[in-house]
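Participant: Sharing model-v9.cif below, mmCIF, C-alpha atoms and all ligand atoms:
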data_run
#
loop_
_atom_site.group_PDB
_atom_site.id
_atom_site.type_symbol
_atom_site.label_atom_id
_atom_site.label_comp_id
_atom_site.auth_asym_id
_atom_site.auth_seq_id
_atom_site.Cartn_x
_atom_site.Cartn_y
_atom_site.Cartn_z
ATOM 1 C CA MET A 1 -12.056 3.439 9.688
ATOM 2 C CA ASN A 2 -9.660 3.288 6.709
ATOM 3 C CA GLY A 3 -6.219 4.777 7.358
ATOM 4 C CA HIS A 4 -5.708 6.136 3.855
ATOM 5 C CA PRO A 5 -7.184 8.928 1.722
ATOM 6 C CA GLY A 6 -10.216 8.052 -0.356
ATOM 7 C CA GLY A 7 -11.464 5.174 1.844
ATOM 8 C CA ALA A 8 -13.109 2.106 0.310
ATOM 9 C CA ALA A 9 -13.787 3.884 -2.996
ATOM 10 C CA HIS A 10 -10.041 4.407 -3.409
ATOM 11 C CA THR A 11 -9.380 0.728 -2.645
ATOM 12 C CA ARG A 12 -11.976 -0.351 -5.239
ATOM 13 C CA ARG A 13 -10.318 1.909 -7.787
ATOM 14 C CA MET A 14 -6.890 0.399 -7.070
ATOM 15 C CA LEU A 15 -8.325 -3.106 -7.496
ATOM 16 C CA ALA A 16 -9.999 -2.124 -10.764
ATOM 17 C CA LEU A 17 -6.706 -0.719 -12.067
ATOM 18 C CA GLY A 18 -4.831 -3.820 -10.876
ATOM 19 C CA ALA A 19 -7.238 -5.944 -12.964
ATOM 20 C CA LEU A 20 -6.404 -9.221 -11.229
ATOM 21 C CA ALA A 21 -8.421 -12.329 -12.046
ATOM 22 C CA PRO A 22 -11.109 -13.473 -9.587
ATOM 23 C CA GLY A 23 -9.647 -15.752 -6.932
ATOM 24 C CA SER A 24 -6.198 -14.132 -7.114
ATOM 25 C CA ARG A 25 -4.171 -14.285 -3.901
ATOM 26 C CA VAL A 26 -3.473 -10.748 -2.689
ATOM 27 C CA LEU A 27 -1.429 -9.609 0.321
ATOM 28 C CA ASP A 28 -2.227 -6.302 2.041
ATOM 29 C CA MET A 29 1.091 -5.043 3.463
ATOM 30 C CA GLY A 30 0.370 -2.854 6.499
ATOM 31 C CA ALA A 31 -3.260 -3.936 6.686
ATOM 32 C CA GLY A 32 -4.105 -2.089 9.938
ATOM 33 C CA ALA A 33 -7.692 -2.868 10.957
ATOM 34 C CA GLY A 34 -8.282 -5.118 7.945
ATOM 35 C CA GLU A 35 -10.891 -3.116 6.004
ATOM 36 C CA THR A 36 -9.049 -3.700 2.740
ATOM 37 C CA VAL A 37 -8.692 -7.438 3.492
ATOM 38 C CA ALA A 38 -12.466 -7.605 4.044
ATOM 39 C CA LEU A 39 -13.033 -5.714 0.800
ATOM 40 C CA LEU A 40 -10.662 -8.057 -1.057
ATOM 41 C CA ARG A 41 -12.497 -11.125 0.233
ATOM 42 C CA GLY A 42 -15.875 -9.556 -0.495
ATOM 43 C CA SER A 43 -14.710 -8.858 -4.062
ATOM 44 C CA GLY A 44 -13.770 -12.475 -4.786
ATOM 45 C CA TYR A 45 -10.035 -12.363 -4.030
ATOM 46 C CA ASP A 46 -8.102 -14.536 -1.598
ATOM 47 C CA GLY A 47 -7.087 -11.646 0.666
ATOM 48 C CA VAL A 48 -4.359 -11.908 3.307
ATOM 49 C CA GLY A 49 -3.427 -9.076 5.688
ATOM 50 C CA LEU A 50 -0.141 -8.443 7.489
ATOM 51 C CA ASP A 51 0.668 -5.715 10.008
ATOM 52 C CA LEU A 52 3.182 -5.083 12.790
ATOM 53 C CA ALA A 53 0.272 -4.127 15.055
ATOM 54 C CA PRO A 54 -2.974 -5.638 13.704
ATOM 55 C CA ARG A 55 -6.177 -3.931 14.758
ATOM 56 C CA GLY A 56 -8.589 -6.524 13.392
ATOM 57 C CA ALA A 57 -9.204 -10.280 13.252
ATOM 58 C CA ASN A 58 -8.511 -10.458 9.475
ATOM 59 C CA VAL A 59 -4.896 -9.393 9.895
ATOM 60 C CA ARG A 60 -1.865 -11.490 10.849
ATOM 61 C CA THR A 61 0.992 -10.097 12.926
ATOM 62 C CA GLY A 62 4.182 -9.623 10.916
ATOM 63 C CA ASP A 63 6.743 -7.263 9.435
ATOM 64 C CA PHE A 64 6.184 -6.607 5.732
ATOM 65 C CA LEU A 65 9.911 -5.968 5.306
ATOM 66 C CA ARG A 66 10.481 -9.667 6.211
ATOM 67 C CA THR A 67 7.167 -11.415 5.492
ATOM 68 C CA GLY A 68 8.519 -14.970 5.585
ATOM 69 C CA PHE A 69 6.343 -15.932 2.567
ATOM 70 C CA PRO A 70 8.116 -17.986 -0.129
ATOM 71 C CA ASP A 71 9.178 -16.308 -3.387
ATOM 72 C CA GLY A 72 6.323 -15.862 -5.870
ATOM 73 C CA SER A 73 3.498 -16.689 -3.454
ATOM 74 C CA PHE A 74 1.085 -13.878 -4.434
ATOM 75 C CA ASP A 75 -0.654 -12.677 -7.606
ATOM 76 C CA GLY A 76 -1.044 -9.202 -6.122
ATOM 77 C CA VAL A 77 0.213 -6.966 -3.333
ATOM 78 C CA ILE A 78 -1.743 -3.961 -2.130
ATOM 79 C CA SER A 79 -0.438 -1.365 0.307
ATOM 80 C CA GLN A 80 -1.985 1.917 1.367
ATOM 81 C CA CYS A 81 -0.243 4.540 3.471
ATOM 82 C CA ALA A 82 2.162 2.017 4.999
ATOM 83 C CA PHE A 83 5.483 1.696 3.082
ATOM 84 C CA TYR A 84 6.448 5.263 3.996
ATOM 85 C CA LEU A 85 5.718 4.593 7.698
ATOM 86 C CA SER A 86 8.047 1.580 7.726
ATOM 87 C CA GLY A 87 10.994 3.920 7.128
ATOM 88 C CA ASP A 88 12.303 1.624 4.366
ATOM 89 C CA VAL A 89 10.401 2.114 1.100
ATOM 90 C CA PRO A 90 13.095 0.402 -1.064
ATOM 91 C CA GLY A 91 13.061 -2.566 1.346
ATOM 92 C CA ALA A 92 9.250 -2.789 1.185
ATOM 93 C CA LEU A 93 9.356 -2.649 -2.631
ATOM 94 C CA ALA A 94 12.024 -5.373 -2.737
ATOM 95 C CA GLU A 95 10.017 -7.655 -0.416
ATOM 96 C CA SER A 96 6.783 -7.067 -2.351
ATOM 97 C CA ARG A 97 8.576 -7.922 -5.600
ATOM 98 C CA ARG A 98 10.094 -11.067 -4.096
ATOM 99 C CA ILE A 99 6.754 -12.506 -2.958
ATOM 100 C CA LEU A 100 4.960 -11.641 -6.226
ATOM 101 C CA LYS A 101 4.770 -14.110 -9.090
ATOM 102 C CA THR A 102 6.263 -12.976 -12.385
ATOM 103 C CA GLY A 103 3.539 -10.828 -13.964
ATOM 104 C CA GLY A 104 2.103 -10.112 -10.490
ATOM 105 C CA VAL A 105 0.771 -6.678 -9.690
ATOM 106 C CA LEU A 106 1.694 -4.156 -6.999
ATOM 107 C CA MET A 107 -1.113 -1.712 -6.096
ATOM 108 C CA LEU A 108 0.404 1.024 -3.983
ATOM 109 C CA SER A 109 -0.797 4.347 -2.615
ATOM 110 C CA ASP A 110 1.576 6.186 -0.336
ATOM 111 C CA VAL A 111 3.662 9.194 0.620
ATOM 112 C CA PHE A 112 6.803 9.659 -1.500
ATOM 113 C CA PHE A 113 9.759 11.969 -0.998
ATOM 114 C CA GLU A 114 11.135 11.347 -4.468
ATOM 115 C CA PRO A 115 9.581 10.782 -7.901
ATOM 116 C CA PRO A 116 7.867 7.398 -7.495
ATOM 117 C CA VAL A 117 8.116 6.072 -11.053
ATOM 118 C CA PRO A 118 11.952 5.806 -11.119
ATOM 119 C CA LEU A 119 11.817 4.345 -7.608
ATOM 120 C CA LEU A 120 9.505 1.529 -8.709
ATOM 121 C CA THR A 121 11.423 1.023 -11.942
ATOM 122 C CA ARG A 122 14.689 0.610 -10.012
ATOM 123 C CA ALA A 123 12.917 -1.932 -7.800
ATOM 124 C CA GLY A 124 12.073 -4.041 -10.863
ATOM 125 C CA PHE A 125 8.485 -2.997 -11.657
ATOM 126 C CA SER A 126 6.985 -1.754 -14.909
ATOM 127 C CA VAL A 127 4.801 1.184 -13.945
ATOM 128 C CA LEU A 128 1.364 0.886 -15.571
ATOM 129 C CA VAL A 129 -0.352 3.756 -13.716
ATOM 130 C CA CYS A 130 0.886 6.738 -11.690
ATOM 131 C CA GLU A 131 -1.625 9.255 -10.330
ATOM 132 C CA ASP A 132 -0.761 12.248 -8.163
ATOM 133 C CA MET A 133 -3.178 12.359 -5.188
ATOM 134 C CA THR A 134 -1.251 14.974 -3.192
ATOM 135 C CA ALA A 135 -4.086 17.520 -3.073
ATOM 136 C CA GLN A 136 -6.592 14.886 -1.875
ATOM 137 C CA TRP A 137 -4.117 13.558 0.712
ATOM 138 C CA ARG A 138 -3.490 17.039 2.143
ATOM 139 C CA GLY A 139 -7.241 17.494 2.664
ATOM 140 C CA TYR A 140 -7.504 14.024 4.257
ATOM 141 C CA TYR A 141 -4.577 14.742 6.565
ATOM 142 C CA LEU A 142 -5.839 18.158 7.669
ATOM 143 C CA GLU A 143 -9.263 16.665 8.351
ATOM 144 C CA ALA A 144 -7.627 13.977 10.544
ATOM 145 C CA VAL A 145 -5.728 16.657 12.486
ATOM 146 C CA TRP A 146 -8.991 18.605 12.933
ATOM 147 C CA ARG A 147 -10.766 15.474 14.298
ATOM 148 C CA GLY A 148 -7.839 14.728 16.624
ATOM 149 C CA ALA A 149 -7.306 11.445 14.764
ATOM 150 C CA ALA A 150 -3.750 12.196 13.637
ATOM 151 C CA ASP A 151 -2.258 11.995 17.142
ATOM 152 C CA GLY A 152 0.717 9.671 17.121
ATOM 153 C CA CYS A 153 1.022 9.718 13.325
ATOM 154 C CA ARG A 154 4.531 10.180 12.049
ATOM 155 C CA VAL A 155 4.185 13.526 10.281
ATOM 156 C CA PRO A 156 5.999 13.677 6.960
ATOM 157 C CA ARG A 157 8.360 16.651 7.049
ATOM 158 C CA GLY A 158 9.611 18.319 3.906
ATOM 159 C CA LYS A 159 8.500 18.281 0.320
ATOM 160 C CA CYS A 160 6.567 15.133 -0.396
ATOM 161 C CA GLY A 161 3.621 13.931 -2.414
ATOM 162 C CA TYR A 162 1.031 11.142 -2.316
ATOM 163 C CA HIS A 163 0.693 8.861 -5.333
ATOM 164 C CA LEU A 164 -1.299 5.873 -6.509
ATOM 165 C CA LEU A 165 0.836 3.457 -8.509
ATOM 166 C CA ILE A 166 0.192 0.197 -10.292
ATOM 167 C CA GLY A 167 3.347 -1.776 -11.076
ATOM 168 C CA ARG A 168 3.911 -5.159 -12.645
ATOM 169 C CA LYS A 169 6.738 -7.528 -11.800
ATOM 170 C CA GLU A 170 8.387 -8.387 -15.123
HETATM 171 C C1 LIG B 201 -1.605 4.582 8.290
HETATM 172 S S1 LIG B 201 -1.827 2.881 8.717
HETATM 173 C C2 LIG B 201 -2.686 2.314 7.265
HETATM 174 C C3 LIG B 201 -3.405 1.038 7.528
HETATM 175 C C4 LIG B 201 -4.169 0.460 6.328
HETATM 176 N N1 LIG B 201 -3.293 0.194 5.189
HETATM 177 C C5 LIG B 201 -5.290 1.388 5.900
HETATM 178 O O1 LIG B 201 -5.188 1.989 4.830
HETATM 179 O O2 LIG B 201 -6.249 1.518 6.653
HETATM 180 C C6 LIG B 201 -0.182 2.199 8.442
HETATM 181 C C7 LIG B 201 -0.035 0.767 8.945
HETATM 182 O O3 LIG B 201 1.237 0.246 8.523
HETATM 183 C C8 LIG B 201 1.719 -0.601 9.534
HETATM 184 N N2 LIG B 201 3.167 -0.813 9.366
HETATM 185 C C9 LIG B 201 4.153 0.123 9.324
HETATM 186 N N3 LIG B 201 5.352 -0.476 9.138
HETATM 187 C C10 LIG B 201 5.117 -1.815 9.037
HETATM 188 C C11 LIG B 201 5.942 -2.951 8.816
HETATM 189 N N4 LIG B 201 7.277 -2.842 8.669
HETATM 190 N N5 LIG B 201 5.352 -4.163 8.732
HETATM 191 C C12 LIG B 201 4.007 -4.305 8.893
HETATM 192 N N6 LIG B 201 3.170 -3.258 9.110
HETATM 193 C C13 LIG B 201 3.715 -2.022 9.180
HETATM 194 C C14 LIG B 201 1.329 0.111 10.823
HETATM 195 O O4 LIG B 201 1.326 -0.771 11.936
HETATM 196 C C15 LIG B 201 -0.064 0.644 10.464
HETATM 197 O O5 LIG B 201 -1.089 -0.252 10.845
#
Turn this file's structure into structure tokens for me.
Facilitator:
Amino acid sequence: MNGHPGGAAHTRRMLALGALAPGSRVLDMGAGAGETVALLRGSGYDGVGLDLAPRGANVRTGDFLRTGFPDGSFDGVISQCAFYLSGDVPGALAESRRILKTGGVLMLSDVFFEPPVPLLTRAGFSVLVCEDMTAQWRGYYLEAVWRGAADGCRVPRGKCGYHLLIGRKE
């Protein structure tokens, strides 16, 4: 099961907003069980998944803060509900920017403790889309608690929100 609010429909929406050309090489940072990698491949992209603790065959083991990929190796980066959990959102943004080609697209949905647009701008992205999904994320999170599926999750404490962002590396 997807580990982010909105499931596969949300992923499809992010890809539509990212508007990458067919065949584009896209890295999923924090790919978990690999559902998004499968969706990428099924949608005509060259999808690659990376996770500290992969839970599926489509996903390689690795730290997205130090991916080891050469500069400019991807047309797109997607990440859902993972940068926040790494404990180093600026580091994850810097690494995603490094491995993107100039003009490459970051498709991000995550928890933020500060306004996300200035954060992405400081990291060197032009922000094309920013949507506040906080209300939907709260419902998703409460539902996970109710099912007993949130055990072991690192609970965000304090005032935070959940946003979908599309950024371009200029
Ligand atoms: C909430 S899960 C989301 C998984 C997937 N993106 C999804 O939407 O189903 C967060 C994932 O991020 C991974 N993760 C956290 N920090 C990471 C890091 N520094 N490098 C690679 N993966 C990381 C975790 O192992 C976990 O699988």
Participant: Per residue of chain A within 7 Å of ligand LIG 201 (chain B), what are the shortest atom pair and its distance in Å to one decimal, counting all atoms listed in the file, with rows by chain and residue number, as JSON lines?
Facilitator:
{"residue": "A:Met1", "atom": "CA", "partner": "B:LIG201", "partner_atom": "O2", "distance": 6.8}
{"residue": "A:Asn2", "atom": "CA", "partner": "B:LIG201", "partner_atom": "O2", "distance": 3.8}
{"residue": "A:Gly3", "atom": "CA", "partner": "B:LIG201", "partner_atom": "O2", "distance": 3.3}
{"residue": "A:His4", "atom": "CA", "partner": "B:LIG201", "partner_atom": "O1", "distance": 4.3}
{"residue": "A:Met29", "atom": "CA", "partner": "B:LIG201", "partner_atom": "C12", "distance": 6.2}
{"residue": "A:Gly30", "atom": "CA", "partner": "B:LIG201", "partner_atom": "O3", "distance": 3.8}
{"residue": "A:Ala31", "atom": "CA", "partner": "B:LIG201", "partner_atom": "N1", "distance": 4.4}
{"residue": "A:Gly32", "atom": "CA", "partner": "B:LIG201", "partner_atom": "O5", "distance": 3.6}
{"residue": "A:Ala33", "atom": "CA", "partner": "B:LIG201", "partner_atom": "O2", "distance": 6.3}
{"residue": "A:Glu35", "atom": "CA", "partner": "B:LIG201", "partner_atom": "O2", "distance": 6.6}
{"residue": "A:Leu50", "atom": "CA", "partner": "B:LIG201", "partner_atom": "C12", "distance": 6.0}
{"residue": "A:Asp51", "atom": "CA", "partner": "B:LIG201", "partner_atom": "N6", "distance": 3.6}
{"residue": "A:Leu52", "atom": "CA", "partner": "B:LIG201", "partner_atom": "C12", "distance": 4.1}
{"residue": "A:Ala53", "atom": "CA", "partner": "B:LIG201", "partner_atom": "O4", "distance": 4.7}
{"residue": "A:Pro54", "atom": "CA", "partner": "B:LIG201", "partner_atom": "O5", "distance": 6.4}
{"residue": "A:Gly62", "atom": "CA", "partner": "B:LIG201", "partner_atom": "C12", "distance": 5.7}
{"residue": "A:Asp63", "atom": "CA", "partner": "B:LIG201", "partner_atom": "N5", "distance": 3.5}
{"residue": "A:Phe64", "atom": "CA", "partner": "B:LIG201", "partner_atom": "N5", "distance": 4.0}
{"residue": "A:Leu65", "atom": "CA", "partner": "B:LIG201", "partner_atom": "N4", "distance": 5.3}
{"residue": "A:Ser79", "atom": "CA", "partner": "B:LIG201", "partner_atom": "N1", "distance": 5.9}
{"residue": "A:Gln80", "atom": "CA", "partner": "B:LIG201", "partner_atom": "N1", "distance": 4.4}
{"residue": "A:Cys81", "atom": "CA", "partner": "B:LIG201", "partner_atom": "C1", "distance": 5.0}
{"residue": "A:Ala82", "atom": "CA", "partner": "B:LIG201", "partner_atom": "O3", "distance": 4.1}
{"residue": "A:Phe83", "atom": "CA", "partner": "B:LIG201", "partner_atom": "N3", "distance": 6.4}
{"residue": "A:Leu85", "atom": "CA", "partner": "B:LIG201", "partner_atom": "C9", "distance": 5.0}
{"residue": "A:Ser86", "atom": "CA", "partner": "B:LIG201", "partner_atom": "N3", "distance": 3.7}
Participant: Which residue is closest to A:Met14? Choose from A:Gly34, A:Gly76, A:Gly124, A:Gly161 and count only C-alpha atoms.
Facilitator: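 Distance minimum relative to A:Met14 lands on A:Gly76.
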Participant: For A:Gln136, which of A:Arg13, A:Pro5, A:Gly167, A:Asp28 is the closest residue, counting only C-alpha atoms?
Facilitator: A:Pro5
Participant: For the file shown, what are the residues hit by the PyMOL selection byres (((chain A and resi 106) around 9) and not hetatm), laid out as a PyMOL selection string?
Facilitator: chain A and resi 18+75-79+93+96-97+100+104-105+107-108+125+165-169
Participant: Between atom CA of A:Arg55 and atom CA of A:Ala149, what is the spacing in Å?
Facilitator: 15.4 Å
Participant: Go through A:Val26, A:Val48, A:Ala57, A:Ala94 and flag the residue nearest A:Ala123, using only C-alpha atoms for the distances.
Facilitator: A:Ala94
